[in-house]
Structure formats: C-alpha cells, structure tokens
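Colleague: What follows is a single structure, and I will ask about it in a moment.
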Amino acid sequence: MALSCPADSMQPVLLDLAATSPLDPRVRECLIQHLDEVHGNPSSRHALGTRARQVVEHARRRVARCLGTEPKGIVFTSGGTESNNLGLMGSVRNRTPGRILVGPTEHASVRVAAAQLASEGFVVETLRLKRDGQLDLDHATERMGEDVVLVAQMLVSNELGTRYPVQRLARLARARCGRVHVHCDGVQALGKIDLDLEELGVDSLALSGHKVHGPKGMGALALGKNSQTKPLLFGGSQEEGLRPGTENVPSIAAFGLAVDLAHEGQADFNKTAEICQRNLEEALTAVSLMHQNSMDCARILQAGERVNSICAVHLPGPPAEVWQHHLEEYGVFIGVGSACQSASKMVSPVLLALGLNADSARQIARFSFSRETTPNDIGIAASALRQVSKSLKDLS
Amino acid sequence: MTTELQDPDILLVRYGELALKGGNRALFENALVRNLQGALKHVGGGEVVRRWGRIQVKPAGRWREAMRACARTFGIKSVSPAWNTERDLKSMIAMGRRLLENKLQEYPPGSRPSFRVTVKRADKTYPMTSGELALAIADGMLDEDSTVLIQMKNADIDFNIDLRPEGTFAFLEREPGPGGLPVKTLGQGLCLLSGGIDSPVAAWCAMKRGLKVSFVSFHSPPYIGEGSRMKIRDLIRVLAEWQGPSTLHEVQFADIQLAIREGAPESLRTILYRRSMQRIASHLARRSKTGALITGENLGQVASQTLENLACIGAAANVQVLRPLITHDKEDVIVLAKHIGTFDVSIRDEPDCCTVFQPRKPALRAQVPECEAIEAELGLVTLEEAQVRASAKEHIHPGS
C-alpha cells in the first residue's frame with residue numbers, strides 16, 4: 001500500500017528533522033561509491049583489506065577532528081541508542097555498584113539503560129529541571145557524592161531543544177564525586193553546537209549519523225582519554241575490542257563525511273535556523289489570533305537556553321497529533337511526542353518533567369529543522385498552519 | 001549411532017464435527033479439501049487426497065510450514081506428520097525404533113518417559129487384531145536396555161500405526177487443529193473491524209463456524225494517521241492465515257463523524273457513529289450477498305455497552321448482526337487473540353478514534369426514535385451513500 005499523501009505532487013516540507021533527516025546527496029554518493037568499490041574486510045592483511053582499513057581510519061580521523069579529540073577514542077556503533085548503552089553500561093558495569101545521576105529529559109536509550117543498571121544493583125537518581133526548564137544545578141550538586149559512579153546528561157533535548165550545561169555539570173561531578181564517568185548524549189547537538197570533548201569534560205559522547213543527513217544504523221561513541229569503558233559485545237578485536245564485528249565500511253565512510261559536513265555547515269545552519277524559528281513564531285502568532293476565542297494560544301515553549309532548530313510548540317485546540325495529520329495533507333511533516341489517545345501512559349515524560357499536565361502535553365508538537373530547511377519551507381508550513389487552523393478552530 | 005530422521009511422507013489430517021453432517025458430508029469434505037489446497041498454496045503447494053474419513057496431504061514445500069497451514073484450517077481436528085512403512089511386523093518395529101530414538105533426543109539424559117503403542121486397523125484383512133499387533137510391536141521395539149516405561153493411559157510418547165487399505169502409516173505427534181467447520185460452507189459475513197482486541201477475535205469465531213469473512217474498516221483522515229490503516233491490514237493479514245485471502249472495504253468516515261459531532265448531542269455521538277457504521281456495513285453486505293454482519297461487541301465490557309445501546313445500534317442494521325463475543329470476559333478474549341496471533345498487532349499504539357470525536361460522557365440508554373430523528377435532520381443517509389460509493393476494496397493475502 002502506498003503512503004497516501006494528497007500533497008504527493010509537491011516536495012514535502014520536512015519539519016521533523018530531529019527524528020531523522022534524508023541523506024545528503026554527497027553522503028549518498030560516498031555511500032554508493034564505497035558499496036561498489038570497497039569490498040575488503042578491514043581485518044584482512046591483503047591489499048583489499050588494507051584499503052578498507054584506510055577508509056575506516058580516514059572516517060575515524062574526520063569524526064575525531066570535529067570533536068577535537070584523538071581518533072583512537074572514536075568507536076563506531078550502530079547509532080545513538082547503542083552509543084548511549086555502551087557509554088552507560090560499558091562504563092560502570094565492571095565497577096562496584098554505586099549511585100547514578102541521570103538527566104531529567106534523557107532519551108529512552110539512556111533512561112532504560114540506567115533502569116537496567118538499577119536492576120543490577122546500582123541506585124539511579126533523576127536530576128531535576130528548574131521552573132524555567134533549565135537543569136537544576138543546585139539540586140545536582142546536592143545529589144553528588146563520593147559514591148556517584150556515573151552522571152549522564154544530554155547536551156541538547158530532542159523534545160525541547162534546550163541546551164543543558166553539561167560542561168558545568170561535568171566539572172561539578174569531577175570536584176564532588178569520586179571516580180566518576182560522565183556520559184553525554186550528543187545526538188541532537190551534533191552540527192548545532194561546538195562539540196569539543198575535552199572542553200565539555202565528559203568521558204563519553206554519543207553521536208548518530210541519520211540526524212545529520214548521514215546513513216541510518218550508524219553512529220559513534222567518542223571516548224575521553226581516561227575512560228575505562230568495557231565492551232558489551234564479545235568476539236572480535238575491532239574498534240579496540242569495544243565493538244566487535246566486521247566494520248560496516250561504506251556506512252562508516254558516509255558517516256565520517258556526514259559528521260564533517262555537519263561540522264562545517266554549523267555556523268550557516270544556526271543563522272538560517274534563527275530566521276526559520278522567527279518565521280515560525282510569526283506563523284504561530286497568526287494561528288493564535290484565529291483561535292482568540294479559546295484560552296489557548298500557539299507558541300514555542302521556552303524551556304531555558306535553546307538551540308533554534310528544535311522548537312516544542314504548543315498548538316491550540318485538539319491534540320497535536322490531529323494537527324500533525326492535517327498538516328500532512330499539505331505535505332508538511334512535523335513531530336508529535338504523544339499519541340492521540342486519552343491514556344496518560346502515552347504522555348512524554350519529558351513534557352511532564354517540565355510541569356505540563358497530561359492534556360497540555362498532548363498539545364505539544366515538535367518543529368525541527370536541519371541545514372536543508374529554508375525560510376521558504378517555513379512559509380509553506382505557515383500557510384498550511386493557517387489552513388488547518390481554520391478547519392480545527394472549533395474542535396477541542 | 002543416531003541416524004537423521006528423514007522428512008515425513010505425508011501429513012495425516014483428521015476432521016471432526018463435519019463427519020456428523022449426514023447428507024452434507026461430501027459437501028463439507030470437498031470444501032475442506034479446497035480450503036486445504038488454498039492454504040498450502042502459500043507454503044509451496046502440495047497434493048491433497050480424501051480417503052475414508054481422513055485427508056492425506058503430501059507437501060511439496062517444507063513440511064513443517066505445511067503442517068502449520070493445515071493446523072490453521074477450520075474443520076480440522078488434528079494433523080500428524082506420518083511415515084510410510086511396509087505392512088510386515090519387522091518393518092513396523094524398525095520404523096517405531098527410528099521414531100522413538102529420534103523422539104528420545106528431546107528428553108534429558110536419565111529421564112524415563114512413558115510410552116505406548118496404538119494400532120488402528122481400518123484394513124481388517126490384517127491377520128492380527130489391533131491389540132495383538134500393538135503388543136507385538138511394543139515387544140519388538142523395547143528391550144531390557146530401554147529407557148521408556150510402558151504406560152497405557154496418558155503416555156508421554158504414543159507410537160501410532162495406522163493400517164489402511166492404501167498403506168501403513170507410522171506417527172508419534174498430533175498437532176491440534178482449530179476444529180469448527182470449513183470456511184465458506186455456511187456462507188459469508190462482513191466484520192466491522194477496528195484496531196482493538198475484540199473485533200478480530202469475533203471475525204475468527206465466525207470463520208470457525210464456517211463463514212468466509214470479509215472486512216469493513218472506517219478511517220478518518222486527517223484526524224487519524226496512516227499507522228491505523230497499516231494496523232488494520234496487519235490484522236487482516238494474520239486472519240488471512242486462518243481463512244485465506246481476505247477482502248477489505250475501507251470507508252472514509254471523517255465527514256460523517258464531523259457532521260455528528262457538530263449536529264448531535266455529545267452524549268449520543270458514539271451511538272450515532274456506530275449506527276452509521278452498521279448502515280454502511282449493511283449496504284456493503286447486501287451488495288456482496290453477505291448474510292451477516294459480525295461485530296466484536298460485548299455486554300458491559302465498557303459502561304456504554306448496555307442492552308439498550310446494543311439494541312439501538314443493532315436496529316440500524318438491516319442485515320442480521322452476529323456478536324460472537326457478546327458474553328465473553330475480556331480475559332478470555334485476550335487468550336483467544338493471543339492464540340490467533342492478532343493480540344500483538346491489536347495492542348500497537350494506533351488510535352481507532354480521535355479524541356476530538358469522543359464524548360466525555362456517552363449515553364447509557366439511547367433510544368432508536370431519538371437517534372432516527374437526529375439522523376434525518378443531519379442527512380446522514382446521503383453522506384453514507386456517498387461514502388459507500390467511494391469505498392475502496394482491497395484483497396489481502398496471507399504472508400503478503
């Protein structure tokens with residue numbers, strides 16, 4: 001069955017780019033070239049193997065350069081989820097169980113990995129947000145102590161776009177905890193803010209390829225000099241034994257390029273994203289005016305210092321999923337964290353952590369941009385928002 | 001040394017209730033053969049032959065897949081993978097030893113499973129009685145080193161010899177079939193399918209009683225996303241494994257829901273949606289000469305499923321409505337859904353109805369005259385006829 005999209009004839013406007021992003025044509029070219037031309041196993045000692053090894057190491061150097069770190073600290077993985085799991089579980093499982101401090105808005109791959117560690121004897125505590133949506137560093141400081149073995153805090157929230165003070169948290173942890181491993185989920189930060197592993201002061205940083213127009217199923221964990229991370233899988237010496245298994249050479253090459261392109265394009269992207277966000281705000285004001293009889297208004301949630309490219313948007317009237325499907329009819333694709341159902345289990349814990357109630361949380365949509373998003377895209381979305389607003393005005 | 005057991009020569013298929021159908025027996029048996037042939041088509045094909053109260057299947061593809069397909073064909077009581085053997089005692093004993101040796105590999109070392117031999121002698125020309133032959137086979141199969149214990153009732157391992165005019169078959173296993181009656185022997189039904197747990201189970205129950213079931217689903221874009229449409233198709237794909245290729249009618253329902261939402265009292269919304277669905281389904285059923293609507297409705301499962309509401313909804317249909325789950329407990333329905341294979345699809349988080357259409361407090365005792373007056377005022381019949389004309393038909397195959 002074909003995906004029905006009445007706007008099939010027009011180019012879709014993708015504004016759910018924090019979920020995934022299409023392959024950059026240059027990355028696609030790189031992927032295809034390596035699929036066609038590089039057949040060797042990087043562990044083989046003949047010429048074909050050596051060629052494949054060179055490709056992998058070149059990609060590793062590219063990623064390392066973007067993170068201001070040494071290539072030997074880069075471990076290629078299957079993506080953000082695996083990187084977060086390796087960063088958390090691999091770093092503390094071999095230690096005597098202690099306390100683990102986890103950020104309040106972490107991705108499930110961090111939250112659930114921490115829950116697994118809890119079932120293995122570790123004590124997991126969740127840090128708090130302040131009323132303005134920023135991380136409560138005072139509370140974090142209070143919770144720190146010699147028995148804390150791991151602190152995990154994301155750099156940019158995938159749902160809210162909030163930029164969290166990971167550098168300060170890491171410094172506090174070094175000063176107040178004993179031998180602590182600081183892990184950072186950097187998946188949404190890549191290509192949006194400078195990532196310097198040493199500057200951040202973290203021991204591991206998770207990255208994903210498909211969020212920056214790279215291949216799906218490809219990511220990396222960047223490890224700091226003093227990290228003592230151990231593998232979760234066994235049976236091979238690849239990636240310094242931390243990720244055994246024959247390397248996915250074409251995807252690694254494409255990932256290296258995608259990270260490089262994200263890094264190079266960062267400044268331009270941030271400028272465009274700022275304009276896009278401003279235009280989106282104007283569009284939302286227009287929607288609010290159409291709904292002026294209701295108590296609701298359309299607005300971007302201001303949850304502390306944010307990147308411009310991820311906007312959690314409160315939409316008036318019916319649940320955001322209804323807006324999402326209506327906008328699809330106009331070829332505009334946005335993200336929604338929770339489904340159009342009354343069961344509260346479906347509500348995003350991140351939005352609840354921000355103090356929203358279940359009904360309000362269901363009215364939150366996510367508009368997220370990438371470097372391919374243009375103000376023209378926001379113009380199309382603005383027009384679609386106005387049209388949809390007309391048909392949804394009386395539904396709540 | 002253990003030798004690898006070769007694949008069985010045939011699948012012995014037994015059928016139950018339809019053997020009682022007197023004059024119609026041939027009709028039911030032929031339908032069962034046809035249904036089996038249809039089921040095998042999707043797993044590499046095979047030969048299906050009717051013989052004296054049994055059906056023999058010779059799979060062309062992988063026998064385990066063929067056995068699974070047979071065990072999902074309504075009308076079948078059980079299926080056994082069986083091996084041909086010569087009619088002489090020595091051959092039967094040799095076959096028994098091979099099967100037993102293979103079977104014992106499933107047991108941990110040192111365990112002593114119970115064992116028996118059963119002989120069925122449809123070929124009465126054999127010189128020994130069934131009992132004598134069973135004893136002789138058991139005696140020949142077991143020696144003083146045997147690790148099995150002879151036990152006549154509820155034995156762990158039951159070695160069967162089926163002596164029939166067309167051949168002698170040996171088997172150990174009996175895979176239970178679903179029972180019931182062959183699909184289509186009792187006609188056709190149209191199931192109002194939602195993405196929930198109940199309606200797919202209701203459809204399966206109707207199939208089991210000999211109905212060929214087609215489906216109607218009501219979709220409300222853009223209030224509901226594509227995921228719900230996929231879910232409906234995935235449910236039908238599972239059900240098609242039980243009854244073969246299935247037809248889906250998809251009806252666009254958002255306009256009707258909007259009209260009801262805007263023009264009817266909030267508490268009656270759900271009743272009116274459902275009455276509208278019954279009218280549309282009746283229309284589709286009559287058009288395809290289908291004798292019954294099938295719903296997953298249940299008495300009292302949710303507060304609004306009262307006798308009055310069920311009657312009020314049912315009154316909108318002009319084809320008889322079958323409600324196979326009407327008195328089932330939810331737990332029982334879930335057990336069935338797991339057995340059928342629809343449960344995991346049903347619990348996927350895809351809404352059936354957008355919250356904007358749901359009433360906060362549904363009526364508990366809706367009355368037909370009141371509903372009819374509102375429906376006339378809203379001109380629902382015209383909207384419904386338009387959606388019947390615009391409905392899309394699709395065929396869904398098992399494993400597609």
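By convention in this document, the chains of the structure tokens carry letters A, B, ... by their order, each chain's residues are numbered from 1, and ligands are numbered from 1 in the order they are shown.
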If we count only C-alpha atoms, which residues of chain B reach to within 7 Å of chain A? Please list them as a VMD selection string.
Modeller: chain B and resid 222 to 225 351 354 to 356
Colleague: How about saving the chosen residues, N, CA and C atoms kept, as a compact mmCIF listing (two decimals), in the first residue's frame?
Modeller:
```
# COMPACT_ATOMS: atom_id res chain seq x y z
N PRO B 222 -8.03 13.48 8.10
CA PRO B 222 -6.69 13.53 8.68
C PRO B 222 -6.71 13.57 10.22
N TYR B 223 -7.76 13.04 10.82
CA TYR B 223 -7.79 13.02 12.29
C TYR B 223 -7.02 11.82 12.83
N ILE B 224 -6.90 10.81 11.98
CA ILE B 224 -6.18 9.59 12.35
C ILE B 224 -5.12 9.37 11.27
N GLY B 225 -3.95 8.89 11.68
CA GLY B 225 -2.85 8.77 10.74
C GLY B 225 -2.82 7.45 9.97
N PRO B 351 -4.46 4.83 17.41
CA PRO B 351 -5.85 5.06 17.82
C PRO B 351 -6.86 4.67 16.74
N CYS B 354 -10.21 9.45 17.00
CA CYS B 354 -9.52 10.62 17.55
C CYS B 354 -10.29 11.15 18.77
N THR B 355 -9.56 11.63 19.75
CA THR B 355 -10.20 12.12 20.98
C THR B 355 -11.18 13.26 20.69
N VAL B 356 -10.97 14.01 19.62
CA VAL B 356 -11.87 15.15 19.37
C VAL B 356 -13.29 14.67 19.07
```
Colleague: Extract, using only C-alpha atoms, all DNA, RNA and protein residues at most 7 Å from range 243-255 of chain A, discarding same-chain residues fewer than 6 positions from it, and format them as a PyMOL selection string.
Modeller: chain A and resi 27+30-31+34-35+41+52+55-56+59+77+209+214-215+218+231+233-237
Colleague: Those same residues, written as a CSV table (one decimal), in the first residue's frame with C-alpha atoms?
Modeller:
```csv
chain,number,residue,atom,x,y,z
A,27,VAL,CA,26.9,11.4,1.6
A,30,CYS,CA,30.1,8.4,-0.9
A,31,LEU,CA,28.0,5.5,0.4
A,34,HIS,CA,32.1,2.6,-1.1
A,35,LEU,CA,29.4,-0.1,-1.5
A,41,ASN,CA,37.4,-6.8,5.3
A,52,ALA,CA,39.0,-0.9,3.6
A,55,VAL,CA,38.6,4.0,4.6
A,56,VAL,CA,37.6,3.3,8.2
A,59,ALA,CA,36.4,8.3,8.7
A,77,THR,CA,28.5,1.9,16.5
A,209,GLY,CA,24.5,9.7,11.7
A,214,GLY,CA,24.0,10.6,7.3
A,215,PRO,CA,23.2,6.9,7.0
A,218,MET,CA,25.4,4.3,12.0
A,231,PRO,CA,32.6,-3.8,25.7
A,233,LEU,CA,29.6,-7.5,22.9
A,234,PHE,CA,32.4,-10.0,22.6
A,235,GLY,CA,34.1,-12.0,19.9
A,236,GLY,CA,36.4,-9.7,17.9
A,237,SER,CA,39.1,-7.1,18.3
```
Colleague: Among the residues of range 30-247 of chain A, find those DSSP assigns to alpha helix (DSSP H) from the backbone and print them as a count of residues only.
Modeller: 75
Colleague: CA of Ser91 in chain A to CA of Ala19 in chain A: how many Å, to one decimal?
Modeller: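 Interatomic distance here is 27.0 Å.
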Colleague: Based on the backbone DSSP call, show me all residues of range 136-299 of chain B assigned strand (DSSP E), as a PyMOL selection string.
Modeller: chain B and resi 149-150+157-164+167-171+175-176+187-192+211-219+246-252+292-294
Colleague: Can you list, as a PDB file with N, CA and C atoms, in the first residue's frame, every protein, DNA or RNA residue that comes within 10 Å of Gly195 in chain B when you count only C-alpha atoms, leaving out same-chain residues fewer than 5 positions away?
Modeller:
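Result written to selection-v2.pdb:
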```pdb
ATOM      1  N   PRO B 200     -11.196  -8.529  15.756  1.00  0.00           N
ATOM      2  CA  PRO B 200     -10.512  -9.602  15.028  1.00  0.00           C
ATOM      3  C   PRO B 200     -10.853 -10.990  15.592  1.00  0.00           C
ATOM      4  N   SER B 217     -13.525  -1.436   7.304  1.00  0.00           N
ATOM      5  CA  SER B 217     -12.907  -0.581   8.323  1.00  0.00           C
ATOM      6  C   SER B 217     -13.247   0.868   8.006  1.00  0.00           C
ATOM      7  N   SER B 228      -2.853   3.713  11.561  1.00  0.00           N
ATOM      8  CA  SER B 228      -4.066   2.947  11.869  1.00  0.00           C
ATOM      9  C   SER B 228      -4.489   2.099  10.668  1.00  0.00           C
ATOM     10  N   ARG B 229      -4.301   2.636   9.463  1.00  0.00           N
ATOM     11  CA  ARG B 229      -4.652   1.865   8.253  1.00  0.00           C
ATOM     12  C   ARG B 229      -3.736   0.645   8.141  1.00  0.00           C
ATOM     13  N   MET B 230      -2.453   0.854   8.425  1.00  0.00           N
ATOM     14  CA  MET B 230      -1.482  -0.255   8.364  1.00  0.00           C
ATOM     15  C   MET B 230      -1.868  -1.342   9.367  1.00  0.00           C
ATOM     16  N   LYS B 231      -2.293  -0.882  10.539  1.00  0.00           N
ATOM     17  CA  LYS B 231      -2.650  -1.822  11.602  1.00  0.00           C
ATOM     18  C   LYS B 231      -3.819  -2.713  11.159  1.00  0.00           C
ATOM     19  N   ILE B 232      -4.837  -2.101  10.545  1.00  0.00           N
ATOM     20  CA  ILE B 232      -5.989  -2.866  10.058  1.00  0.00           C
ATOM     21  C   ILE B 232      -5.522  -3.932   9.068  1.00  0.00           C
ATOM     22  N   ARG B 233      -4.650  -3.546   8.169  1.00  0.00           N
ATOM     23  CA  ARG B 233      -4.162  -4.510   7.163  1.00  0.00           C
ATOM     24  C   ARG B 233      -3.330  -5.614   7.822  1.00  0.00           C
ATOM     25  N   ASP B 234      -2.559  -5.246   8.833  1.00  0.00           N
ATOM     26  CA  ASP B 234      -1.757  -6.266   9.522  1.00  0.00           C
ATOM     27  C   ASP B 234      -2.661  -7.268  10.256  1.00  0.00           C
ATOM     28  N   LEU B 235      -3.763  -6.760  10.817  1.00  0.00           N
ATOM     29  CA  LEU B 235      -4.714  -7.667  11.490  1.00  0.00           C
ATOM     30  C   LEU B 235      -5.325  -8.633  10.478  1.00  0.00           C
ATOM     31  N   THR B 342      -3.496 -12.188  16.722  1.00  0.00           N
ATOM     32  CA  THR B 342      -3.847 -10.779  16.488  1.00  0.00           C
ATOM     33  C   THR B 342      -3.502  -9.883  17.682  1.00  0.00           C
ATOM     34  N   VAL B 345      -0.678  -7.302  17.401  1.00  0.00           N
ATOM     35  CA  VAL B 345      -0.996  -6.208  16.471  1.00  0.00           C
ATOM     36  C   VAL B 345      -2.014  -5.273  17.136  1.00  0.00           C
ATOM     37  N   SER B 346      -3.006  -5.867  17.779  1.00  0.00           N
ATOM     38  CA  SER B 346      -4.081  -5.062  18.377  1.00  0.00           C
ATOM     39  C   SER B 346      -3.557  -4.090  19.440  1.00  0.00           C
ATOM     40  N   ILE B 347      -2.541  -4.495  20.164  1.00  0.00           N
ATOM     41  CA  ILE B 347      -2.086  -3.615  21.251  1.00  0.00           C
ATOM     42  C   ILE B 347      -1.105  -2.550  20.759  1.00  0.00           C
ATOM     43  N   ARG B 348      -0.829  -2.551  19.464  1.00  0.00           N
ATOM     44  CA  ARG B 348       0.030  -1.489  18.923  1.00  0.00           C
ATOM     45  C   ARG B 348      -0.648  -0.139  19.116  1.00  0.00           C
ATOM     46  N   ASP B 349       0.146   0.840  19.488  1.00  0.00           N
ATOM     47  CA  ASP B 349      -0.420   2.125  19.885  1.00  0.00           C
ATOM     48  C   ASP B 349      -0.855   2.951  18.681  1.00  0.00           C
ATOM     49  N   GLU B 350      -1.974   2.601  18.108  1.00  0.00           N
ATOM     50  CA  GLU B 350      -2.548   3.377  16.999  1.00  0.00           C
ATOM     51  C   GLU B 350      -4.017   3.591  17.326  1.00  0.00           C
ATOM     52  N   PRO B 351      -4.462   4.832  17.408  1.00  0.00           N
ATOM     53  CA  PRO B 351      -5.847   5.062  17.817  1.00  0.00           C
ATOM     54  C   PRO B 351      -6.860   4.669  16.738  1.00  0.00           C
ATOM     55  N   ASP B 352      -8.060   4.248  17.179  1.00  0.00           N
ATOM     56  CA  ASP B 352      -9.173   3.970  16.264  1.00  0.00           C
ATOM     57  C   ASP B 352      -9.957   5.235  16.016  1.00  0.00           C
ATOM     58  N   CYS B 353     -10.104   6.011  17.089  1.00  0.00           N
ATOM     59  CA  CYS B 353     -10.958   7.191  17.006  1.00  0.00           C
ATOM     60  C   CYS B 353     -10.241   8.352  17.692  1.00  0.00           C
TER      61      CYS B 353
END
```
Colleague: Skipping near chain neighbours, those fewer than 3 positions away, what residues fall within 7 Å of range 60-63 of chain A using only C-alpha atoms, listed as a VMD selection string?
Modeller: chain A and resid 56 to 57 66 to 67 71 74 256 259 to 260
Colleague: Please identify all polymer residues within 8 Å of range 368-384 of chain A, counting only C-alpha atoms, omitting same-chain residues fewer than 4 positions from it, and present them as a compact mmCIF listing (two decimals) with N, CA and C atoms, in the first residue's frame.
Modeller:
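Final output, result.txt:
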```
# COMPACT_ATOMS: atom_id res chain seq x y z
N VAL A 13 7.55 19.15 2.88
CA VAL A 13 8.31 20.04 3.76
C VAL A 13 8.56 19.28 5.05
N LEU A 14 9.79 18.89 5.26
CA LEU A 14 10.12 18.07 6.42
C LEU A 14 10.51 18.96 7.59
N LEU A 15 9.65 18.98 8.59
CA LEU A 15 9.96 19.77 9.79
C LEU A 15 9.97 18.85 11.01
N ASP A 16 10.37 17.60 10.76
CA ASP A 16 10.54 16.64 11.85
C ASP A 16 11.96 16.09 11.76
N LEU A 17 12.91 17.01 11.59
CA LEU A 17 14.26 16.58 11.24
C LEU A 17 15.10 16.23 12.46
N ALA A 18 14.53 16.39 13.66
CA ALA A 18 15.23 15.87 14.83
C ALA A 18 14.96 14.37 14.96
N SER A 21 16.81 12.59 9.18
CA SER A 21 16.97 13.52 8.06
C SER A 21 17.38 12.75 6.82
N VAL A 212 22.02 13.94 11.01
CA VAL A 212 22.76 14.99 10.29
C VAL A 212 22.94 14.59 8.82
N GLY A 265 29.09 23.01 8.24
CA GLY A 265 27.91 23.81 7.93
C GLY A 265 27.23 24.40 9.16
N GLN A 266 27.83 24.19 10.33
CA GLN A 266 27.17 24.55 11.58
C GLN A 266 26.80 26.04 11.69
N ASP A 268 26.45 28.41 9.39
CA ASP A 268 25.40 28.82 8.44
C ASP A 268 24.05 28.26 8.87
N PHE A 269 24.07 27.01 9.30
CA PHE A 269 22.82 26.38 9.72
C PHE A 269 22.19 27.15 10.88
N THR A 272 20.50 30.30 9.67
CA THR A 272 19.23 30.04 8.98
C THR A 272 18.17 29.57 9.98
N ALA A 273 18.60 28.74 10.92
CA ALA A 273 17.64 28.22 11.90
C ALA A 273 17.03 29.35 12.71
N ILE A 275 16.44 32.39 11.67
CA ILE A 275 15.42 33.03 10.83
C ILE A 275 14.17 32.13 10.77
N CYS A 276 14.41 30.84 10.59
CA CYS A 276 13.28 29.90 10.49
C CYS A 276 12.45 29.94 11.78
N ASN A 279 10.40 33.09 11.88
CA ASN A 279 9.25 32.99 10.96
C ASN A 279 8.17 32.06 11.52
N LEU A 280 8.62 31.01 12.16
CA LEU A 280 7.66 30.08 12.76
C LEU A 280 6.88 30.78 13.86
N ALA A 283 4.24 32.81 12.37
CA ALA A 283 3.14 31.96 11.88
C ALA A 283 2.25 31.53 13.04
N LEU A 284 2.87 31.24 14.18
CA LEU A 284 2.11 30.79 15.34
C LEU A 284 1.27 31.94 15.92
N SER A 309 16.94 25.22 16.31
CA SER A 309 16.47 24.25 15.32
C SER A 309 15.52 23.20 15.87
N ILE A 310 15.25 23.22 17.18
CA ILE A 310 14.25 22.29 17.74
C ILE A 310 13.27 23.12 18.56
N CYS A 311 12.03 23.19 18.11
CA CYS A 311 11.04 24.01 18.79
C CYS A 311 9.88 23.13 19.25
N LEU A 327 -1.70 18.59 8.80
CA LEU A 327 -0.59 19.23 8.09
C LEU A 327 -0.01 18.30 7.02
N TYR A 330 -1.12 18.78 3.63
CA TYR A 330 -0.49 19.88 2.89
C TYR A 330 0.99 19.59 2.61
N VAL A 332 3.23 18.88 4.82
CA VAL A 332 4.10 19.41 5.88
C VAL A 332 4.17 18.37 7.00
N ILE A 334 5.46 17.31 10.70
CA ILE A 334 6.01 17.74 11.98
C ILE A 334 6.03 16.55 12.94
N GLY A 335 6.69 16.72 14.07
CA GLY A 335 6.77 15.62 15.04
C GLY A 335 5.78 15.81 16.17
N VAL A 388 -5.09 24.77 8.26
CA VAL A 388 -5.50 23.73 9.21
C VAL A 388 -6.20 24.38 10.41
```
Colleague: What's the separation between CA of Gly96 in chain B and CA of Ser111 in chain B, in Å to one decimal place?
Modeller: 19.4 Å
Colleague: Which value, in Å to one decimal, gives the distance between CA of Cys70 in chain B and CA of Pro245 in chain B?
Modeller: 15.3 Å
Colleague: Give me, as JSON lines, each residue of range 101-148 of chain B that comes within 12 Å of range 164-169 of chain B, together with its shortest interatomic pair and the distance in Å at one decimal, counting only C-alpha atoms, with rows ordered by chain and rising residue number.
Modeller:
```
{"residue": "B:Thr118", "atom": "CA", "partner": "B:Phe169", "partner_atom": "CA", "distance": 11.8}
{"residue": "B:Val119", "atom": "CA", "partner": "B:Phe169", "partner_atom": "CA", "distance": 10.1}
{"residue": "B:Lys120", "atom": "CA", "partner": "B:Arg164", "partner_atom": "CA", "distance": 8.3}
{"residue": "B:Arg121", "atom": "CA", "partner": "B:Arg164", "partner_atom": "CA", "distance": 6.5}
{"residue": "B:Ala122", "atom": "CA", "partner": "B:Arg164", "partner_atom": "CA", "distance": 5.0}
{"residue": "B:Asp123", "atom": "CA", "partner": "B:Arg164", "partner_atom": "CA", "distance": 4.9}
{"residue": "B:Lys124", "atom": "CA", "partner": "B:Arg164", "partner_atom": "CA", "distance": 8.6}
{"residue": "B:Thr125", "atom": "CA", "partner": "B:Pro165", "partner_atom": "CA", "distance": 8.9}
{"residue": "B:Tyr126", "atom": "CA", "partner": "B:Arg164", "partner_atom": "CA", "distance": 9.7}
```
